[in-house]
Amino acid sequence: IEHVDLAAAVSRALARNPTAAVAALEVERAEALVRQARAASFPTVTAAGTLTQLDAPRERPGLVVAPAQSPSANVQVTVPLIVPARWAQWAHAGENVDVARASAADVRRLLALSTARAYLAIVAQQRIAQINERARDTARSHAEFAHTRFAGGVGNRIDEVRAGQELATT
């Protein structure tokens with residue numbers, strides 16, 4: 001049997017418990033949602049390009065109306081200056097991170113508390129078993145002592161019987 005101290009038992013429980021792992025992942029998820037909400041408040045750059053390829057240029061006498069290749073491109077930059085709705089979403093997502101962290105801390109605290117209670121219950125049961133063994137040994141010694149006294153003519157039968165009953169009860 002591997003003997004583990006209280007600190008090691010609590011750390012193992014925190015490392016291996018699926019509820020604690022889920023709580024940690026929920027914190028990461030909430031942080032990702034903050035980044036997603038914050039992204040809507042940043043400038044956006046959009047670029048597009050097209051190339052039209054014809055089999056031959058379109059011409060009129062002395063004038064090219066449409067060349068064989070005609071490229072075009074555009075770039076659009078959008079800068080949100082005042083976007084209170086996005087700012088509110090960003091703030092709300094940040095509050096959700098705080099809630100997820102508090103929930104994860106609560107899960108870890110409850111898990112540590114449950115582990116410590118179980119550990120202390122085991123220690124208490126071991127102590128009770130040791131106490132019972134010591135009581136049995138003491139009762140056995142008392143019964144032997146009472147028998148020896150009675151056999152030697154110093155004690156009486158009542159003490160021997162009571163010591164025997166105490167040993168049987170223990």
# chains A, B, ... in the order shown; residues from 1 in each chain; ligands from 1
call {"tool": "select_by_dssp", "arguments": {"residues": "segment 27-136 of chain A", "states": "strand (DSSP E or B)", "output": "list in words"}}
result
Thr44, Val45, Thr46, Ala47, Ala48, Gly49, Thr50, Leu51, Thr52, Gln53, Arg58, Glu59, Arg60, Leu63, Val64, Val65, Ala66, Gln69, Ser70, Pro71, Ser72, Ala73, Asn74, Val75, Gln76, Val77 and Thr78 of chain A
call {"tool": "select_by_dssp", "arguments": {"residues": "chain A", "states": "alpha helix (DSSP H)", "output": "VMD selection string"}}
result
chain A and resid 6 to 16 18 to 39 84 to 151 157 to 169
call {"tool": "closest_residue", "arguments": {"among": "A:His147, A:Arg86, A:Arg136, A:Arg58", "to": "Ala37 of chain A", "atoms": "only C-alpha atoms"}}
result
A:Arg86
call {"tool": "residues_around", "arguments": {"residues": "Arg38 of chain A", "least_positions_apart": "2", "cutoff": "9 Å", "atoms": "only C-alpha atoms", "output": "ChimeraX atom specification"}}
result
/A:33-36,40-42,86-87,89-91,93
call {"tool": "closest_atom_pairs", "arguments": {"of": "segment 25-56 of chain A", "to": "segment 94-105 of chain A", "cutoff": "8 Å", "atoms": "only C-alpha atoms", "output": "Markdown table"}}
result
| residue | atom | partner | partner_atom | distance |
| --- | --- | --- | --- | --- |
| A:Glu26 | CA | A:Ala100 | CA | 6.3 |
| A:Val27 | CA | A:Ala100 | CA | 5.1 |
| A:Ala30 | CA | A:Val97 | CA | 5.0 |
| A:Glu31 | CA | A:Val97 | CA | 5.9 |
| A:Val34 | CA | A:Gly94 | CA | 5.9 |
call {"tool": "residues_around", "arguments": {"residues": "segment 67-84 of chain A", "least_positions_apart": "3", "cutoff": "6 Å", "atoms": "only C-alpha atoms", "output": "list of chain:residue names"}}
result
A:Pro43, A:Thr44, A:Val45, A:Thr46, A:Ala47, A:Ala48, A:Gly49, A:Thr50, A:Leu51, A:Thr52, A:Gln53, A:Leu54, A:Ala56, A:Pro57, A:Trp87
